[in-house]
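*Asks:* Sharing a structure below in structure tokens format, with a few things to ask.
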Amino acid sequence: MAGSTPPGRAAVRPDLEQLFRAAYPRVVAVAARVLGSRTEAEDVAQEVFLTFGRSSVPGGQAVGWLCVAAAHTALNHLRSGRRRASREEAAGGGDPVYPDVADTVVTLDERRRVRAALARLPRKQAVALVLRHSGLSYAEVAAALDLSPASVGTTVRRAESALREELNRHASSD
Amino acid sequence: MRHPTDGTLRRLVDEPAGVADAERAHVAGCPVCLAGLAAAREDAAAVGAALDVAVTADVDAAWQRLSGAAAVQGRRGAATAPGRRWRALLRSPVIAAVGAVSLLLGATAAAAANWLPFFHAERIAPVAAPQADLVKLPELEDFGELRITEEIRIRQVAGAAAAREASGLAVPRVAELPRGVTGEPAYHVLGRVSGTFTFSAAKAAAFAAAAGQTLPPPPPGLDGSQFRLTAGPGIAAVWSQGRPVPAMMVGRAVAPSALSAGVPFETARDYLLSLPILPDNVAAQLRGFSADGTTLPLFMSVENMTSRPADVGGLPATVFTSRDGTVAGVVWVDRGVVTAVAGSLGAGEVLSVARGLRWDR
């Protein structure tokens, strides 16, 4: 396993600071796209870099590894958060967002729906989508997810189509 | 020519240079493809807008936070190096078999890890307590001196046959991978790990004094008595798929055991469980099943985990599930060997994998 923790003492890798400074904004951006929150995204980035710091992932693969790890970790957070939110809604007996308050509320609601839908997507689709929208090239997404560049487009397209459907479904039902 | 795929149309939206000239030329003159391209462009823009978050990251502050966290880990490591090795052992993929939960969820079980060698495992029982109590559990080194005689050695091997040869353990095959787990696993082998622990009444008293407690006098013979602790060898098959938390792992290891050079196990156990520095609820649970010292306690925080009994191939097993539903594991002991299946899976999935394991003996 390329990313395994070395046995015994968990020494922090010497290139950590350099890679951190280069990749941190991008890693936060990936997590933020999943979570919609900068604070949560920064927590995820810390978690990912702590794991990375004890790993032996080659420096050349670091950015891809970090972005994939950030997407997965954020999706895990999202999944648990979504469950909490749905329990709260069930307990409160109604949707807390009213449709005609303000544009910002509609936007927030839309964002919430798109993230709930993101959590339900097949994991690979969700990760490919988030990485592409965070600015990774098709080749970078392909390398990070072990896909061919051609199938990156297909995977991202499927994910977008599913999310768009989700947005439209709710827009027309309001 | 045939219409380019949806994937190619999608790439035309934001990376047209990556699409072959012939395909671009086709799309430019094909109403069907132009409509598909327009739809792809709209969907991409709508989803992009919904996902977009303005983030300005303060890299300096974030680096300070990270290096602060790393420094704390480093200091702890320097102060209690041998104890730390035992904890690291419990976090390794191989000892997933012993502490699947501690490996997957980090520190919950780690604080308690040093208790394991006091018990010779023939079965496993969960010990559930609030996280705050688990981190208060003393470490072995608070009561004496731990000297490692066989260091932790974990190495990756080429495959199941090599793992079997290196460990002497039967390596199970997974009959059917759960949905979402793909590819071939990486095999890791852990060599035997052993150490000698010497109980020190003075050290224990100093530790208790630091916590504002006075210990009862140790029973005769305990001060200076030695315990030989061993665990492993073990193996783990890990389906990691590039994630920090593996998708799934199947691990086995010879269960931890302790040999006492002086006092009987019961004497040490009764004394340790009577100490005022153990959280009451933890001590009570340990007391409940440690009559003969053959039950391995698996510590878990009640905030994060739930457990329930199950059976695997007629043997009693414990199923763990994280409360957020993202991680589950099942662990059982068969003739002194701990086996665990765990991963980013549901309880039903890990049980199904565990019950479907095939053994080449």
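If you're wondering about the labels, chains in the structure tokens are A, B, ... by order shown, residues count from 1 in each chain, ligands from 1 in order shown.
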Using backbone DSSP assignments, extract all alpha helix (DSSP H) residues from region 150-218 of chain B; output them as a VMD selection string.
*Replies:* chain B and resid 160 to 167 201 to 210
*Asks:* Give me the residues within 9 Å of region 12-19 of chain A as a list in words, counting only C-alpha atoms and dropping any in the same chain fewer than 5 places off.
*Replies:* Tyr24, Phe49, Leu50, Phe52, Gly53, Arg54, Ser55, Ser56, Gly59, Ala62 and Val63 of chain A; Trp63, Ser67, Ala70 and Gly74 of chain B
*Asks:* Point out the residue among B:Gly343, B:Ala354, B:Leu215, B:Ser322 with the least atom-to-atom distance to Leu273 (chain B), counting only C-alpha atoms.
*Replies:*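 Checking each of B:Gly343, B:Ala354, B:Leu215, B:Ser322 against Leu273 (chain B), counting only C-alpha atoms, the winner is B:Leu215.
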*Asks:* Between B:Ala25, B:Val127, B:Ala237, B:Leu169, which one has atoms that come closest to chain A, using only C-alpha atoms?
*Replies:* B:Ala237
*Asks:* So which residues touch region 174-181 of chain B within 12 Å, counting only C-alpha atoms, skipping near sequence neighbours fewer than 5 positions away, as an mmCIF file with N, CA, C and O atoms, in the first residue's frame?
*Replies:*
data_model
loop_
_atom_site.group_PDB
_atom_site.id
_atom_site.type_symbol
_atom_site.label_atom_id
_atom_site.label_comp_id
_atom_site.auth_asym_id
_atom_site.auth_seq_id
_atom_site.Cartn_x
_atom_site.Cartn_y
_atom_site.Cartn_z
ATOM 1 N N LEU A 121 -24.322 9.914 -4.571
ATOM 2 C CA LEU A 121 -23.719 9.441 -5.825
ATOM 3 C C LEU A 121 -22.772 8.289 -5.559
ATOM 4 O O LEU A 121 -22.199 8.196 -4.475
ATOM 5 N N PRO A 122 -22.567 7.412 -6.558
ATOM 6 C CA PRO A 122 -21.471 6.440 -6.428
ATOM 7 C C PRO A 122 -20.175 7.192 -6.121
ATOM 8 O O PRO A 122 -19.940 8.277 -6.660
ATOM 9 N N ARG A 123 -19.369 6.639 -5.237
ATOM 10 C CA ARG A 123 -18.227 7.358 -4.697
ATOM 11 C C ARG A 123 -17.283 7.862 -5.798
ATOM 12 O O ARG A 123 -16.805 8.987 -5.766
ATOM 13 N N LYS A 124 -17.027 7.029 -6.788
ATOM 14 C CA LYS A 124 -16.071 7.432 -7.816
ATOM 15 C C LYS A 124 -16.594 8.627 -8.613
ATOM 16 O O LYS A 124 -15.842 9.546 -8.944
ATOM 17 N N GLN A 125 -17.890 8.622 -8.909
ATOM 18 C CA GLN A 125 -18.486 9.763 -9.623
ATOM 19 C C GLN A 125 -18.354 11.037 -8.806
ATOM 20 O O GLN A 125 -17.996 12.096 -9.317
ATOM 21 N N ALA B 160 -0.861 -13.707 -1.146
ATOM 22 C CA ALA B 160 -1.386 -14.521 -0.057
ATOM 23 C C ALA B 160 -0.426 -15.652 0.313
ATOM 24 O O ALA B 160 -0.222 -15.933 1.494
ATOM 25 N N ALA B 237 -4.774 -8.343 4.775
ATOM 26 C CA ALA B 237 -5.050 -8.060 3.362
ATOM 27 C C ALA B 237 -5.830 -6.757 3.341
ATOM 28 O O ALA B 237 -6.859 -6.645 3.999
ATOM 29 N N VAL B 238 -5.286 -5.763 2.651
ATOM 30 C CA VAL B 238 -5.856 -4.415 2.734
ATOM 31 C C VAL B 238 -6.267 -3.932 1.346
ATOM 32 O O VAL B 238 -5.438 -3.871 0.434
ATOM 33 N N TRP B 239 -7.521 -3.606 1.204
ATOM 34 C CA TRP B 239 -8.023 -2.988 -0.027
ATOM 35 C C TRP B 239 -8.089 -1.486 0.243
ATOM 36 O O TRP B 239 -9.027 -1.000 0.878
ATOM 37 N N SER B 240 -7.057 -0.754 -0.191
ATOM 38 C CA SER B 240 -7.007 0.646 0.239
ATOM 39 C C SER B 240 -7.476 1.605 -0.838
ATOM 40 O O SER B 240 -7.975 2.666 -0.541
ATOM 41 N N GLN B 241 -7.294 1.267 -2.094
ATOM 42 C CA GLN B 241 -7.771 2.118 -3.178
ATOM 43 C C GLN B 241 -7.346 3.574 -3.006
ATOM 44 O O GLN B 241 -8.095 4.496 -3.312
ATOM 45 N N GLY B 242 -6.145 3.750 -2.468
ATOM 46 C CA GLY B 242 -5.586 5.092 -2.393
ATOM 47 C C GLY B 242 -6.184 5.977 -1.323
ATOM 48 O O GLY B 242 -5.911 7.160 -1.270
ATOM 49 N N ARG B 243 -7.027 5.424 -0.453
ATOM 50 C CA ARG B 243 -7.637 6.266 0.570
ATOM 51 C C ARG B 243 -6.842 6.162 1.866
ATOM 52 O O ARG B 243 -6.208 5.145 2.137
ATOM 53 N N PRO B 246 -8.723 2.517 4.701
ATOM 54 C CA PRO B 246 -8.922 1.476 3.688
ATOM 55 C C PRO B 246 -10.400 1.187 3.457
ATOM 56 O O PRO B 246 -11.224 1.332 4.355
ATOM 57 N N ALA B 247 -10.715 0.764 2.234
ATOM 58 C CA ALA B 247 -12.080 0.373 1.930
ATOM 59 C C ALA B 247 -12.448 -0.867 2.738
ATOM 60 O O ALA B 247 -13.547 -0.982 3.256
ATOM 61 N N MET B 248 -11.487 -1.782 2.825
ATOM 62 C CA MET B 248 -11.752 -2.996 3.593
ATOM 63 C C MET B 248 -10.434 -3.649 3.967
ATOM 64 O O MET B 248 -9.448 -3.501 3.259
ATOM 65 N N MET B 249 -10.420 -4.349 5.081
ATOM 66 C CA MET B 249 -9.252 -5.144 5.419
ATOM 67 C C MET B 249 -9.696 -6.419 6.123
ATOM 68 O O MET B 249 -10.717 -6.453 6.797
ATOM 69 N N VAL B 250 -8.911 -7.446 5.889
ATOM 70 C CA VAL B 250 -9.113 -8.708 6.586
ATOM 71 C C VAL B 250 -7.785 -9.013 7.253
ATOM 72 O O VAL B 250 -6.753 -9.065 6.575
ATOM 73 N N GLY B 251 -7.793 -9.153 8.551
ATOM 74 C CA GLY B 251 -6.532 -9.372 9.262
ATOM 75 C C GLY B 251 -6.632 -10.530 10.240
ATOM 76 O O GLY B 251 -7.718 -10.867 10.717
ATOM 77 N N VAL B 341 -12.570 -8.457 10.234
ATOM 78 C CA VAL B 341 -12.922 -7.878 8.936
ATOM 79 C C VAL B 341 -13.462 -6.498 9.251
ATOM 80 O O VAL B 341 -14.321 -6.359 10.117
ATOM 81 N N ALA B 342 -12.927 -5.482 8.581
ATOM 82 C CA ALA B 342 -13.403 -4.135 8.890
ATOM 83 C C ALA B 342 -13.259 -3.275 7.647
ATOM 84 O O ALA B 342 -12.541 -3.624 6.703
ATOM 85 N N GLY B 343 -13.920 -2.138 7.655
ATOM 86 C CA GLY B 343 -13.772 -1.230 6.528
ATOM 87 C C GLY B 343 -14.842 -0.165 6.503
ATOM 88 O O GLY B 343 -15.647 -0.046 7.429
ATOM 89 N N SER B 344 -14.828 0.609 5.435
ATOM 90 C CA SER B 344 -15.841 1.647 5.233
ATOM 91 C C SER B 344 -17.095 0.963 4.704
ATOM 92 O O SER B 344 -17.490 1.160 3.556
ATOM 93 N N LEU B 345 -17.666 0.137 5.536
ATOM 94 C CA LEU B 345 -18.749 -0.748 5.106
ATOM 95 C C LEU B 345 -19.845 -0.739 6.165
ATOM 96 O O LEU B 345 -19.679 -0.162 7.235
ATOM 97 N N GLY B 346 -20.933 -1.430 5.872
ATOM 98 C CA GLY B 346 -21.982 -1.601 6.854
ATOM 99 C C GLY B 346 -21.760 -2.878 7.656
ATOM 100 O O GLY B 346 -20.982 -3.748 7.261
ATOM 101 N N ALA B 347 -22.461 -2.985 8.800
ATOM 102 C CA ALA B 347 -22.308 -4.159 9.659
ATOM 103 C C ALA B 347 -22.690 -5.429 8.900
ATOM 104 O O ALA B 347 -22.026 -6.461 9.023
ATOM 105 N N GLY B 348 -23.746 -5.348 8.113
ATOM 106 C CA GLY B 348 -24.178 -6.512 7.347
ATOM 107 C C GLY B 348 -23.119 -6.950 6.352
ATOM 108 O O GLY B 348 -22.896 -8.147 6.151
ATOM 109 N N GLU B 349 -22.445 -5.961 5.764
ATOM 110 C CA GLU B 349 -21.423 -6.290 4.767
ATOM 111 C C GLU B 349 -20.216 -6.978 5.406
ATOM 112 O O GLU B 349 -19.710 -7.972 4.877
ATOM 113 N N VAL B 350 -19.722 -6.446 6.537
ATOM 114 C CA VAL B 350 -18.550 -7.081 7.149
ATOM 115 C C VAL B 350 -18.895 -8.489 7.643
ATOM 116 O O VAL B 350 -18.086 -9.411 7.522
ATOM 117 N N LEU B 351 -20.110 -8.663 8.176
ATOM 118 C CA LEU B 351 -20.511 -9.993 8.634
ATOM 119 C C LEU B 351 -20.597 -10.958 7.471
ATOM 120 O O LEU B 351 -20.177 -12.115 7.562
ATOM 121 N N SER B 352 -21.123 -10.464 6.369
ATOM 122 C CA SER B 352 -21.265 -11.324 5.203
ATOM 123 C C SER B 352 -19.892 -11.744 4.665
ATOM 124 O O SER B 352 -19.681 -12.901 4.305
ATOM 125 N N VAL B 353 -18.938 -10.796 4.659
ATOM 126 C CA VAL B 353 -17.571 -11.140 4.237
ATOM 127 C C VAL B 353 -16.969 -12.145 5.219
ATOM 128 O O VAL B 353 -16.378 -13.157 4.830
ATOM 129 N N ALA B 354 -17.133 -11.887 6.530
ATOM 130 C CA ALA B 354 -16.548 -12.754 7.554
ATOM 131 C C ALA B 354 -17.092 -14.176 7.431
ATOM 132 O O ALA B 354 -16.339 -15.147 7.508
ATOM 133 N N ARG B 355 -18.395 -14.279 7.228
ATOM 134 C CA ARG B 355 -19.006 -15.619 7.168
ATOM 135 C C ARG B 355 -18.663 -16.328 5.870
ATOM 136 O O ARG B 355 -18.741 -17.536 5.790
ATOM 137 N N GLY B 356 -18.293 -15.553 4.847
ATOM 138 C CA GLY B 356 -17.981 -16.165 3.553
ATOM 139 C C GLY B 356 -16.499 -16.425 3.340
ATOM 140 O O GLY B 356 -16.097 -16.834 2.257
ATOM 141 N N LEU B 357 -15.663 -16.176 4.354
ATOM 142 C CA LEU B 357 -14.216 -16.386 4.167
ATOM 143 C C LEU B 357 -13.932 -17.848 3.869
ATOM 144 O O LEU B 357 -14.523 -18.751 4.453
ATOM 145 N N ARG B 358 -12.997 -18.051 2.931
ATOM 146 C CA ARG B 358 -12.607 -19.423 2.593
ATOM 147 C C ARG B 358 -11.173 -19.649 3.040
ATOM 148 O O ARG B 358 -10.331 -18.776 2.873
ATOM 149 N N TRP B 359 -10.938 -20.817 3.575
ATOM 150 C CA TRP B 359 -9.626 -21.093 4.188
ATOM 151 C C TRP B 359 -8.905 -22.173 3.415
ATOM 152 O O TRP B 359 -9.442 -23.242 3.195
ATOM 153 N N ASP B 360 -7.681 -21.855 3.008
ATOM 154 C CA ASP B 360 -6.819 -22.881 2.413
ATOM 155 C C ASP B 360 -5.858 -23.332 3.506
ATOM 156 O O ASP B 360 -4.965 -22.582 3.862
#
*Asks:* Show which residues sit within 9 Å of Val34 (chain A), as a VMD selection string. Count only C-alpha atoms, and ignore same-chain residues fewer than 6 positions away.
*Replies:* (chain A and resid 41 71 74 to 75 78 115 118 to 119 126 130) or (chain B and resid 51)
*Asks:* For the atom pair CA of Asp58 (chain B) and CA of Thr51 (chain A), what is the interatomic distance in Å to one decimal place?
*Replies:*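 So the answer is 20.2 Å.
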*Asks:* Excluding Glu40 (chain A) and residues on its chain fewer than 5 positions from it, collect all residues at most 12 Å away from it, counting only C-alpha atoms, and give them as a list in words.
*Replies:*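 My reading of the contact set: Val28, Ala29, Val30, Ala31, Ala32, Arg33, Val34, Leu35, Ala45, Gln46, Glu47, Ala70, Thr73, Ala74, Leu75, His77, Leu78 and Gly81 of chain A; Val55 of chain B.
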*Asks:* Excluding Arg79 (chain A) and its own-chain neighbours fewer than 6 positions away, which residues fall within 9 Å of it when counting only C-alpha atoms? Please give them as a VMD selection string.
*Replies:* (chain A and resid 116 119 to 120) or (chain B and resid 324 to 326)
*Asks:* Quick one: write out the picked residues with C-alpha atoms as a short mmCIF file (atom, residue, chain, number, x, y, z; two decimals), in the first residue's frame?
*Replies:*
data_model
loop_
_atom_site.label_atom_id
_atom_site.label_comp_id
_atom_site.auth_asym_id
_atom_site.auth_seq_id
_atom_site.Cartn_x
_atom_site.Cartn_y
_atom_site.Cartn_z
CA ALA A 116 -27.19 15.74 -0.21
CA ALA A 119 -23.45 12.12 -0.86
CA ARG A 120 -25.77 9.69 -2.62
CA ASP B 324 -22.14 7.82 11.87
CA GLY B 325 -22.55 4.61 9.93
CA THR B 326 -19.33 4.98 7.95
#
*Asks:* Considering only C-alpha atoms, return as a PyMOL selection string whatever protein or nucleic-acid residues lie within 6 Å of region 301-313 of chain B, sequence-local ones (same chain, fewer than 2 positions apart) excluded.
*Replies:* chain B and resi 128-131+315-323+355
*Asks:* Let's have the selection written as a PDB file, in the first residue's frame, with N, CA, C and O atoms.
*Replies:*
ATOM      1  N   ALA B 128     -17.050  -0.455  26.753  1.00  0.00           N
ATOM      2  CA  ALA B 128     -17.525   0.832  26.251  1.00  0.00           C
ATOM      3  C   ALA B 128     -17.477   1.875  27.347  1.00  0.00           C
ATOM      4  O   ALA B 128     -17.885   1.621  28.470  1.00  0.00           O
ATOM      5  N   ALA B 129     -16.911   3.029  27.038  1.00  0.00           N
ATOM      6  CA  ALA B 129     -16.836   4.101  28.020  1.00  0.00           C
ATOM      7  C   ALA B 129     -16.752   5.414  27.272  1.00  0.00           C
ATOM      8  O   ALA B 129     -16.375   5.445  26.101  1.00  0.00           O
ATOM      9  N   PRO B 130     -17.114   6.511  27.937  1.00  0.00           N
ATOM     10  CA  PRO B 130     -16.948   7.802  27.269  1.00  0.00           C
ATOM     11  C   PRO B 130     -15.487   8.020  26.906  1.00  0.00           C
ATOM     12  O   PRO B 130     -14.589   7.586  27.630  1.00  0.00           O
ATOM     13  N   GLN B 131     -15.281   8.682  25.805  1.00  0.00           N
ATOM     14  CA  GLN B 131     -13.916   8.947  25.329  1.00  0.00           C
ATOM     15  C   GLN B 131     -13.058   9.591  26.419  1.00  0.00           C
ATOM     16  O   GLN B 131     -11.881   9.275  26.580  1.00  0.00           O
ATOM     17  N   LEU B 315     -18.669 -19.378  16.033  1.00  0.00           N
ATOM     18  CA  LEU B 315     -17.884 -18.785  17.124  1.00  0.00           C
ATOM     19  C   LEU B 315     -18.483 -17.440  17.509  1.00  0.00           C
ATOM     20  O   LEU B 315     -18.968 -16.708  16.638  1.00  0.00           O
ATOM     21  N   PRO B 316     -18.426 -17.102  18.803  1.00  0.00           N
ATOM     22  CA  PRO B 316     -18.937 -15.786  19.189  1.00  0.00           C
ATOM     23  C   PRO B 316     -18.068 -14.679  18.598  1.00  0.00           C
ATOM     24  O   PRO B 316     -16.845 -14.791  18.580  1.00  0.00           O
ATOM     25  N   ALA B 317     -18.699 -13.639  18.105  1.00  0.00           N
ATOM     26  CA  ALA B 317     -17.977 -12.530  17.487  1.00  0.00           C
ATOM     27  C   ALA B 317     -18.603 -11.226  17.963  1.00  0.00           C
ATOM     28  O   ALA B 317     -19.714 -11.212  18.492  1.00  0.00           O
ATOM     29  N   THR B 318     -17.845 -10.145  17.805  1.00  0.00           N
ATOM     30  CA  THR B 318     -18.357  -8.830  18.175  1.00  0.00           C
ATOM     31  C   THR B 318     -18.385  -7.956  16.932  1.00  0.00           C
ATOM     32  O   THR B 318     -17.388  -7.856  16.212  1.00  0.00           O
ATOM     33  N   VAL B 319     -19.527  -7.347  16.683  1.00  0.00           N
ATOM     34  CA  VAL B 319     -19.663  -6.440  15.541  1.00  0.00           C
ATOM     35  C   VAL B 319     -19.616  -5.015  16.057  1.00  0.00           C
ATOM     36  O   VAL B 319     -20.313  -4.672  17.014  1.00  0.00           O
ATOM     37  N   PHE B 320     -18.743  -4.197  15.465  1.00  0.00           N
ATOM     38  CA  PHE B 320     -18.642  -2.788  15.828  1.00  0.00           C
ATOM     39  C   PHE B 320     -19.150  -1.936  14.685  1.00  0.00           C
ATOM     40  O   PHE B 320     -18.865  -2.222  13.522  1.00  0.00           O
ATOM     41  N   THR B 321     -19.855  -0.886  15.027  1.00  0.00           N
ATOM     42  CA  THR B 321     -20.313   0.053  14.002  1.00  0.00           C
ATOM     43  C   THR B 321     -20.084   1.458  14.516  1.00  0.00           C
ATOM     44  O   THR B 321     -20.388   1.749  15.670  1.00  0.00           O
ATOM     45  N   SER B 322     -19.520   2.318  13.663  1.00  0.00           N
ATOM     46  CA  SER B 322     -19.393   3.707  14.095  1.00  0.00           C
ATOM     47  C   SER B 322     -20.775   4.342  14.043  1.00  0.00           C
ATOM     48  O   SER B 322     -21.606   3.988  13.211  1.00  0.00           O
ATOM     49  N   ARG B 323     -21.018   5.246  14.967  1.00  0.00           N
ATOM     50  CA  ARG B 323     -22.358   5.813  15.067  1.00  0.00           C
ATOM     51  C   ARG B 323     -22.765   6.600  13.835  1.00  0.00           C
ATOM     52  O   ARG B 323     -23.938   6.783  13.559  1.00  0.00           O
ATOM     53  N   ARG B 355     -18.395 -14.279   7.228  1.00  0.00           N
ATOM     54  CA  ARG B 355     -19.006 -15.619   7.168  1.00  0.00           C
ATOM     55  C   ARG B 355     -18.663 -16.328   5.870  1.00  0.00           C
ATOM     56  O   ARG B 355     -18.741 -17.536   5.790  1.00  0.00           O
TER      57      ARG B 355
END
*Asks:* Could you please determine the separation between CA of Ala38 (chain B) and CA of Cys67 (chain A) in Å, to one decimal place?
*Replies:*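 CA of Cys67 (chain A) lies at a distance of 29.0 Å from CA of Ala38 (chain B).
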*Asks:* Suppose you want the space between CA of Leu37 (chain B) and CA of Arg157 (chain A); what is it in Å?
*Replies:*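 Taking CA of Leu37 (chain B) as the start and CA of Arg157 (chain A) as the end point, the length is 10.8 Å.
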*Asks:* Of the candidates A:Pro58, A:Pro25, A:Pro149, A:Gly64, which one gets nearest to chain B if we count only C-alpha atoms?
*Replies:*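 Smallest distance to chain B is found for A:Pro25.
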